[in-house]
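Novice: First, the structure itself, so that you have it in front of you.
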Amino acid sequence: MNFKTPPTLNPNDPDHEKKRAKLHKIGLTLLIIGIVFDVAFFVFFFINFMDFDTTYPIFMFLPFPCAFIGFPLTGVGTTLLKAAHLGTIQNYVANETGPTSVAAANYVMDGTRDGLAETISAVKKAMDDQKGVECVYCHAKNDKDAKYCDNCGKPITHQNVCPTCGSLNDEDAKYCSACGRKL
């Protein structure tokens with residue numbers, strides 16, 4: 001069998017393919033041996049109980065060593081096979097569950113998007129209300145109801161002051177109406 005590793009699986013290890021193939025071979029071998037011992041255990045175990053007239057002394061003790069060897073070998077073999085194909089299994093699961101997860105998230109978001117937008121705008125408004133008013137002269141923060149600046153004592157105005165000529169401009173003005181400088 002040819003085992004190809006997707007390029008996303010451990011590109012820094014050049015021996016990754018060899019290790020993976022070795023894990024696969026050892027795991028498969030142990031699994032097959034374990035299954036043979038498991039089948040032998042069940043066959044010998046049920047032979048003891050099916051034929052009550054004839055006693056086979058070897059069949060009395062043989063099932064339990066088969067069980068003690070077979071079940072652990074089956075477990076170890078299965079674990080090694082899983083380790084050999086873990087990346088492939090993970091890629092498969094991701095490809096199968098990814099679209100479902102995205103669809104579920106979109107479904108939930110569609111139902112909550114409007115409420116979330118309202119909550120965000122309410123929080124923004126509350127934060128803006130707490131900020132207060134900025135003094136146009138010294139840029140200190142003041143209470144929103146303040147009439148005079150706590151820092152410089154000048155009257156609070158909702159107009160922009162030109163840093164060059166000192167004239168008052170509208171709050172949303174981008175350029176000074178007196179000198180033309182950018183505000």
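Chain labels run A, B, ... following the order of the structure tokens; each chain numbers its residues from 1, and ligands are numbered from 1 in the order shown.
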DSSP says strand (DSSP E or B) for which residues of range 20-157 of chain A? Put them as a PyMOL selection string?
Specialist: chain A and resi 133-134+141-142+148+155
Novice: Just the selected residues (N, CA and C atoms), exported as a compact mmCIF listing (two decimals), in the first residue's frame, please.
Specialist:
```txt
# COMPACT_ATOMS: atom_id res chain seq x y z
N VAL A 133 -16.77 66.73 27.75
CA VAL A 133 -16.45 67.68 26.70
C VAL A 133 -14.97 68.02 26.77
N GLU A 134 -14.36 68.14 25.59
CA GLU A 134 -12.95 68.50 25.53
C GLU A 134 -12.83 70.00 25.33
N LYS A 141 -10.14 67.11 29.40
CA LYS A 141 -11.49 66.54 29.48
C LYS A 141 -12.23 67.19 30.65
N ASN A 142 -13.49 67.54 30.40
CA ASN A 142 -14.33 68.16 31.40
C ASN A 142 -15.66 67.43 31.45
N TYR A 148 -17.12 75.98 32.21
CA TYR A 148 -15.75 76.47 32.15
C TYR A 148 -14.80 75.29 32.31
N PRO A 155 -14.01 79.49 28.91
CA PRO A 155 -15.36 78.95 28.72
C PRO A 155 -15.35 77.76 27.75
```
Novice: Got a sec: who's within 12 Å of Val36 in chain A, counting only C-alpha atoms, leaving out chain neighbours fewer than 6 positions off, as a PDB file with all heavy atoms, in the first residue's frame?
Specialist:
```
ATOM      1  N   THR A  29       0.243  -5.593  12.033  1.00  0.00           N
ATOM      2  CA  THR A  29       0.727  -6.922  12.429  1.00  0.00           C
ATOM      3  C   THR A  29       0.229  -7.282  13.833  1.00  0.00           C
ATOM      4  O   THR A  29      -0.293  -8.376  14.053  1.00  0.00           O
ATOM      5  CB  THR A  29       2.267  -6.962  12.384  1.00  0.00           C
ATOM      6  OG1 THR A  29       2.700  -6.605  11.068  1.00  0.00           O
ATOM      7  CG2 THR A  29       2.789  -8.333  12.746  1.00  0.00           C
ATOM      8  N   LEU A  30       0.399  -6.369  14.773  1.00  0.00           N
ATOM      9  CA  LEU A  30      -0.050  -6.641  16.138  1.00  0.00           C
ATOM     10  C   LEU A  30      -1.561  -6.814  16.204  1.00  0.00           C
ATOM     11  O   LEU A  30      -2.067  -7.655  16.954  1.00  0.00           O
ATOM     12  CB  LEU A  30       0.399  -5.516  17.078  1.00  0.00           C
ATOM     13  CG  LEU A  30       1.897  -5.415  17.346  1.00  0.00           C
ATOM     14  CD1 LEU A  30       2.191  -4.228  18.246  1.00  0.00           C
ATOM     15  CD2 LEU A  30       2.425  -6.696  17.958  1.00  0.00           C
ATOM     16  N   PHE A  42     -12.205 -17.097  22.235  1.00  0.00           N
ATOM     17  CA  PHE A  42     -13.647 -17.332  22.185  1.00  0.00           C
ATOM     18  C   PHE A  42     -13.973 -18.759  21.742  1.00  0.00           C
ATOM     19  O   PHE A  42     -14.884 -19.396  22.281  1.00  0.00           O
ATOM     20  CB  PHE A  42     -14.334 -16.310  21.274  1.00  0.00           C
ATOM     21  CG  PHE A  42     -14.426 -14.957  21.899  1.00  0.00           C
ATOM     22  CD1 PHE A  42     -13.703 -13.889  21.368  1.00  0.00           C
ATOM     23  CD2 PHE A  42     -15.214 -14.737  23.010  1.00  0.00           C
ATOM     24  CE1 PHE A  42     -13.775 -12.645  21.943  1.00  0.00           C
ATOM     25  CE2 PHE A  42     -15.298 -13.483  23.587  1.00  0.00           C
ATOM     26  CZ  PHE A  42     -14.570 -12.428  23.060  1.00  0.00           C
ATOM     27  N   VAL A  43     -13.218 -19.283  20.782  1.00  0.00           N
ATOM     28  CA  VAL A  43     -13.459 -20.657  20.315  1.00  0.00           C
ATOM     29  C   VAL A  43     -13.209 -21.643  21.454  1.00  0.00           C
ATOM     30  O   VAL A  43     -14.056 -22.487  21.762  1.00  0.00           O
ATOM     31  CB  VAL A  43     -12.577 -20.984  19.087  1.00  0.00           C
ATOM     32  CG1 VAL A  43     -12.573 -22.479  18.792  1.00  0.00           C
ATOM     33  CG2 VAL A  43     -13.047 -20.191  17.881  1.00  0.00           C
ATOM     34  N   CYS A  66      -4.759 -17.075  25.909  1.00  0.00           N
ATOM     35  CA  CYS A  66      -5.103 -16.414  24.634  1.00  0.00           C
ATOM     36  C   CYS A  66      -5.695 -15.033  24.899  1.00  0.00           C
ATOM     37  O   CYS A  66      -5.402 -14.076  24.192  1.00  0.00           O
ATOM     38  CB  CYS A  66      -6.084 -17.272  23.839  1.00  0.00           C
ATOM     39  SG  CYS A  66      -5.346 -18.744  23.132  1.00  0.00           S
ATOM     40  N   ALA A  67      -6.525 -14.934  25.929  1.00  0.00           N
ATOM     41  CA  ALA A  67      -7.144 -13.647  26.254  1.00  0.00           C
ATOM     42  C   ALA A  67      -6.101 -12.662  26.757  1.00  0.00           C
ATOM     43  O   ALA A  67      -6.105 -11.482  26.383  1.00  0.00           O
ATOM     44  CB  ALA A  67      -8.236 -13.837  27.297  1.00  0.00           C
ATOM     45  N   ILE A  69      -3.014 -12.518  26.054  1.00  0.00           N
ATOM     46  CA  ILE A  69      -2.140 -12.096  24.954  1.00  0.00           C
ATOM     47  C   ILE A  69      -2.933 -11.329  23.900  1.00  0.00           C
ATOM     48  O   ILE A  69      -2.504 -10.273  23.419  1.00  0.00           O
ATOM     49  CB  ILE A  69      -1.450 -13.324  24.306  1.00  0.00           C
ATOM     50  CG1 ILE A  69      -0.504 -13.970  25.307  1.00  0.00           C
ATOM     51  CG2 ILE A  69      -0.694 -12.922  23.044  1.00  0.00           C
ATOM     52  CD1 ILE A  69       0.052 -15.306  24.861  1.00  0.00           C
ATOM     53  N   GLY A  70      -4.108 -11.830  23.542  1.00  0.00           N
ATOM     54  CA  GLY A  70      -4.864 -11.280  22.418  1.00  0.00           C
ATOM     55  C   GLY A  70      -5.431  -9.890  22.653  1.00  0.00           C
ATOM     56  O   GLY A  70      -5.298  -9.004  21.801  1.00  0.00           O
ATOM     57  N   PHE A  71      -6.063  -9.682  23.794  1.00  0.00           N
ATOM     58  CA  PHE A  71      -6.708  -8.372  24.022  1.00  0.00           C
ATOM     59  C   PHE A  71      -5.695  -7.224  24.089  1.00  0.00           C
ATOM     60  O   PHE A  71      -5.903  -6.186  23.449  1.00  0.00           O
ATOM     61  CB  PHE A  71      -7.592  -8.423  25.269  1.00  0.00           C
ATOM     62  CG  PHE A  71      -8.817  -9.287  25.092  1.00  0.00           C
ATOM     63  CD1 PHE A  71      -9.179 -10.201  26.070  1.00  0.00           C
ATOM     64  CD2 PHE A  71      -9.592  -9.207  23.946  1.00  0.00           C
ATOM     65  CE1 PHE A  71     -10.304 -10.999  25.912  1.00  0.00           C
ATOM     66  CE2 PHE A  71     -10.708 -10.008  23.785  1.00  0.00           C
ATOM     67  CZ  PHE A  71     -11.069 -10.906  24.761  1.00  0.00           C
ATOM     68  N   LEU A  73      -2.691  -7.127  22.688  1.00  0.00           N
ATOM     69  CA  LEU A  73      -2.129  -6.947  21.340  1.00  0.00           C
ATOM     70  C   LEU A  73      -3.118  -6.229  20.420  1.00  0.00           C
ATOM     71  O   LEU A  73      -2.714  -5.384  19.617  1.00  0.00           O
ATOM     72  CB  LEU A  73      -1.743  -8.297  20.732  1.00  0.00           C
ATOM     73  CG  LEU A  73      -0.452  -8.929  21.239  1.00  0.00           C
ATOM     74  CD1 LEU A  73      -0.217 -10.273  20.576  1.00  0.00           C
ATOM     75  CD2 LEU A  73       0.720  -8.012  21.005  1.00  0.00           C
ATOM     76  N   THR A  74      -4.389  -6.555  20.548  1.00  0.00           N
ATOM     77  CA  THR A  74      -5.406  -5.873  19.748  1.00  0.00           C
ATOM     78  C   THR A  74      -5.436  -4.385  20.097  1.00  0.00           C
ATOM     79  O   THR A  74      -5.504  -3.526  19.206  1.00  0.00           O
ATOM     80  CB  THR A  74      -6.787  -6.505  19.988  1.00  0.00           C
ATOM     81  OG1 THR A  74      -6.718  -7.893  19.677  1.00  0.00           O
ATOM     82  CG2 THR A  74      -7.849  -5.849  19.133  1.00  0.00           C
TER      83      THR A  74
END
```
Novice: Between A:Val102, A:Val76, A:Leu62, A:Met109, which has the minimum distance to Ile32 in chain A (counting only C-alpha atoms)?
Specialist: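 Residue with the minimum atom-to-atom distance to Ile32 in chain A: A:Val76.
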Novice: Please report, as JSON, numbers by chain, each residue of range 10-165 of chain A to which DSSP assigns helix (DSSP H, G or I) when run on this structure's backbone.
Specialist: {"A": [16, 17, 18, 19, 20, 21, 22, 23, 24, 25, 26, 27, 28, 29, 30, 31, 32, 33, 34, 35, 36, 37, 38, 39, 40, 41, 42, 43, 44, 45, 46, 47, 48, 49, 50, 57, 58, 59, 60, 61, 63, 64, 65, 66, 67, 68, 69, 70, 71, 72, 73, 74, 75, 76, 77, 78, 79, 80, 81, 82, 83, 84, 86, 87, 88, 89, 90, 91, 92, 93, 94, 95, 96, 97, 98, 99, 100, 101, 102, 103, 104, 105, 106, 107, 108, 109, 110, 111, 112, 113, 114, 115, 116, 117, 118, 119, 120, 121, 122, 123, 124, 125, 126, 127, 128, 129, 130, 131]}
Novice: Between A:Gln159, A:Ser121, A:Ala21, A:Asp114, which one has atoms that come closest to Asp172 in chain A, using only C-alpha atoms?
Specialist: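 Once distances to Asp172 in chain A are computed over only C-alpha atoms, the minimum belongs to A:Gln159.
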Novice: Which value, in Å to one decimal, gives the distance between CA of Ala40 in chain A and CA of Thr78 in chain A?
Specialist: 18.7 Å
Novice: Give me, please, the distance in Å between CA of Gly98 in chain A and CA of His85 in chain A, quoted to one decimal.
Specialist: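 Taking CA of Gly98 in chain A and CA of His85 in chain A, their separation equals 19.6 Å.
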Novice: Excluding same-chain residues fewer than 4 positions from Tyr175 in chain A, what lies within 12 Å of it counting only C-alpha atoms, as a count of residues only?
Specialist: 16
